[in-house]
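**Student:** Pasting a structure here, questions to come.
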Amino acid sequence: MTREQHTDDTDGELLRRSQRDPTAFEPLVARHSAALHGYLVRRAPGAADDLLSELWLRAYASRDGFDAARGTARAWLFGVARHVLAAHWRRLETEAPPGSARFAEGIASDPWQAVDQRLDAAAVAPVLRHALTKLPAAERELLLLIAWEQLTPTEAASVIGVPPGTARSRLHRARTRLRERLDALVTSAQMSKTGESA
């Protein structure tokens, strides 16, 4: 089969075919590297390039574990990325000497504190950051997988290992909580402006 024929194949077909023909894996790397790299950069900026390489090595080595019945190949790749990140954070924690700031912060469990430094919306960043930190970790991860990584709710569910219905209800709760907090801020800001002009 030629490379041109591979471009029309679905990701799942390519993963299955790559078990017999390793060259079938190449289009997956071309299709998904940018999105996966973005996912890694937002969570571990200094290590993203190395983690992307590790991700592709792990994905290739475990490609026979892909099960189309459990989700899309794209979601499976983000799941591999999530496992690579978790291993990276565990390594950082074990390498940090006890008593160091990195050890005390527990960076291996959730590097959320670094994410707020990369939010671009200057006017809303403090409020959005605060609202996001108040979400349970699973809801926050679902929301970010969908908002940042453009995964579908079903794909995001597959990444974090919950049923799609559970993911949809958690996503609904997360969006509702964020909306309530942002609405409260807007109302507070409007009242403040009204008070200043009076």
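By order in the structure tokens, chains are A, B, ...; within a chain, residues start at 1; ligands start at 1, following the order shown.
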If we count only C-alpha atoms, what is near A:Arg17 at a cut-off of 12 Å, once residues fewer than 2 positions away on the same chain are taken out, given as a list in words?

**Tutor:**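 Counting only C-alpha atoms, the residues come to Met1, His6, Asp9, Thr10, Asp11, Gly12, Glu13, Leu14, Leu15, Gln19, Arg20, Asp21, Pro22, Thr23, Ala24, Phe25, Glu26, Pro27, Leu28, Tyr60, Arg63, Asp64 and Phe66 of chain A.
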
**Student:** Compile the contact shell of A:Asp50 as a tab-separated table (two decimals) with all heavy atoms, in the first residue's frame: residues with an atom at most 12 Å away, counting only C-alpha atoms, same-chain residues fewer than 5 positions apart removed.

**Tutor:**
chain	number	residue	atom	x	y	z
A	37	HIS	N	1.69	17.59	21.19
A	37	HIS	CA	2.75	18.46	21.68
A	37	HIS	C	2.14	19.64	22.44
A	37	HIS	O	2.63	20.03	23.50
A	37	HIS	CB	3.63	18.95	20.52
A	37	HIS	CG	4.84	19.68	20.98
A	37	HIS	ND1	4.91	21.05	21.00
A	37	HIS	CD2	6.03	19.22	21.46
A	37	HIS	CE1	6.09	21.42	21.46
A	37	HIS	NE2	6.78	20.33	21.76
A	40	LEU	N	1.16	18.58	25.87
A	40	LEU	CA	2.33	18.43	26.74
A	40	LEU	C	2.92	19.78	27.12
A	40	LEU	O	3.32	20.00	28.27
A	40	LEU	CB	3.38	17.55	26.06
A	40	LEU	CG	2.94	16.10	25.81
A	40	LEU	CD1	3.92	15.40	24.88
A	40	LEU	CD2	2.79	15.34	27.12
A	41	VAL	N	2.99	20.71	26.17
A	41	VAL	CA	3.55	22.04	26.44
A	41	VAL	C	2.75	22.76	27.52
A	41	VAL	O	3.32	23.41	28.40
A	41	VAL	CB	3.60	22.90	25.15
A	41	VAL	CG1	3.79	24.37	25.45
A	41	VAL	CG2	4.71	22.40	24.23
A	44	ALA	N	3.71	20.57	30.84
A	44	ALA	CA	5.12	20.40	31.22
A	44	ALA	C	5.99	21.09	30.18
A	44	ALA	O	6.66	20.43	29.38
A	44	ALA	CB	5.46	18.91	31.32
A	45	PRO	N	5.97	22.44	30.14
A	45	PRO	CA	6.61	23.17	29.05
A	45	PRO	C	8.08	22.86	28.82
A	45	PRO	O	8.51	22.73	27.68
A	45	PRO	CB	6.42	24.64	29.42
A	45	PRO	CG	5.83	24.67	30.77
A	45	PRO	CD	5.38	23.31	31.14
A	55	LEU	N	6.18	9.58	24.31
A	55	LEU	CA	4.79	9.24	23.99
A	55	LEU	C	4.73	8.37	22.73
A	55	LEU	O	4.06	7.34	22.72
A	55	LEU	CB	4.01	10.53	23.79
A	55	LEU	CG	2.52	10.48	23.50
A	55	LEU	CD1	1.92	11.84	23.78
A	55	LEU	CD2	2.18	10.07	22.09
A	56	TRP	N	5.42	8.80	21.67
A	56	TRP	CA	5.35	8.04	20.42
A	56	TRP	C	6.00	6.67	20.56
A	56	TRP	O	5.52	5.68	19.99
A	56	TRP	CB	5.95	8.83	19.26
A	56	TRP	CG	5.02	9.92	18.80
A	56	TRP	CD1	5.25	11.25	18.80
A	56	TRP	CD2	3.69	9.74	18.28
A	56	TRP	NE1	4.15	11.93	18.31
A	56	TRP	CE2	3.18	11.02	18.00
A	56	TRP	CE3	2.88	8.64	18.05
A	56	TRP	CZ2	1.90	11.23	17.48
A	56	TRP	CZ3	1.60	8.84	17.54
A	56	TRP	CH2	1.13	10.11	17.26
A	57	LEU	N	7.07	6.59	21.34
A	57	LEU	CA	7.69	5.28	21.57
A	57	LEU	C	6.73	4.35	22.31
A	57	LEU	O	6.57	3.18	21.95
A	57	LEU	CB	8.99	5.43	22.37
A	57	LEU	CG	10.17	6.04	21.62
A	57	LEU	CD1	11.32	6.33	22.57
A	57	LEU	CD2	10.62	5.10	20.50
A	81	ALA	N	-0.53	9.93	26.29
A	81	ALA	CA	0.12	11.19	26.70
A	81	ALA	C	-0.09	11.44	28.19
A	81	ALA	O	0.84	11.85	28.90
A	81	ALA	CB	-0.43	12.35	25.88
A	84	VAL	N	2.21	9.21	30.13
A	84	VAL	CA	3.59	9.70	30.02
A	84	VAL	C	3.79	10.88	30.96
A	84	VAL	O	4.81	10.97	31.65
A	84	VAL	CB	3.93	10.07	28.55
A	84	VAL	CG1	5.21	10.88	28.45
A	84	VAL	CG2	4.02	8.81	27.70
A	85	LEU	N	2.83	11.80	31.01
A	85	LEU	CA	2.91	12.94	31.92
A	85	LEU	C	2.93	12.49	33.38
A	85	LEU	O	3.72	13.00	34.18
A	85	LEU	CB	1.72	13.88	31.71
A	85	LEU	CG	1.89	14.96	30.66
A	85	LEU	CD1	0.56	15.64	30.43
A	85	LEU	CD2	2.94	15.96	31.05
A	88	HIS	N	6.25	11.23	34.21
A	88	HIS	CA	7.18	12.36	34.28
A	88	HIS	C	7.07	13.05	35.64
A	88	HIS	O	8.06	13.33	36.30
A	88	HIS	CB	6.88	13.34	33.14
A	88	HIS	CG	7.58	14.64	33.25
A	88	HIS	ND1	8.94	14.78	33.09
A	88	HIS	CD2	7.10	15.88	33.52
A	88	HIS	CE1	9.28	16.05	33.25
A	88	HIS	NE2	8.17	16.74	33.51

**Student:** What is the atom CA of A:Ser62 to atom CA of A:Ala34 distance in Å?

**Tutor:**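 These two atoms are separated by 20.6 Å.
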
**Student:** Would you compute the distance between atom CA of A:Leu142 and atom CA of A:Arg42? Give it in Å to one decimal.

**Tutor:**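 Computing the Euclidean distance for atom CA of A:Leu142 and atom CA of A:Arg42 yields 14.5 Å.
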
**Student:** Work out how far atom CA of A:Leu36 is from atom CA of A:Gly161, in Å to one decimal.

**Tutor:**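 These two atoms are separated by 18.0 Å.
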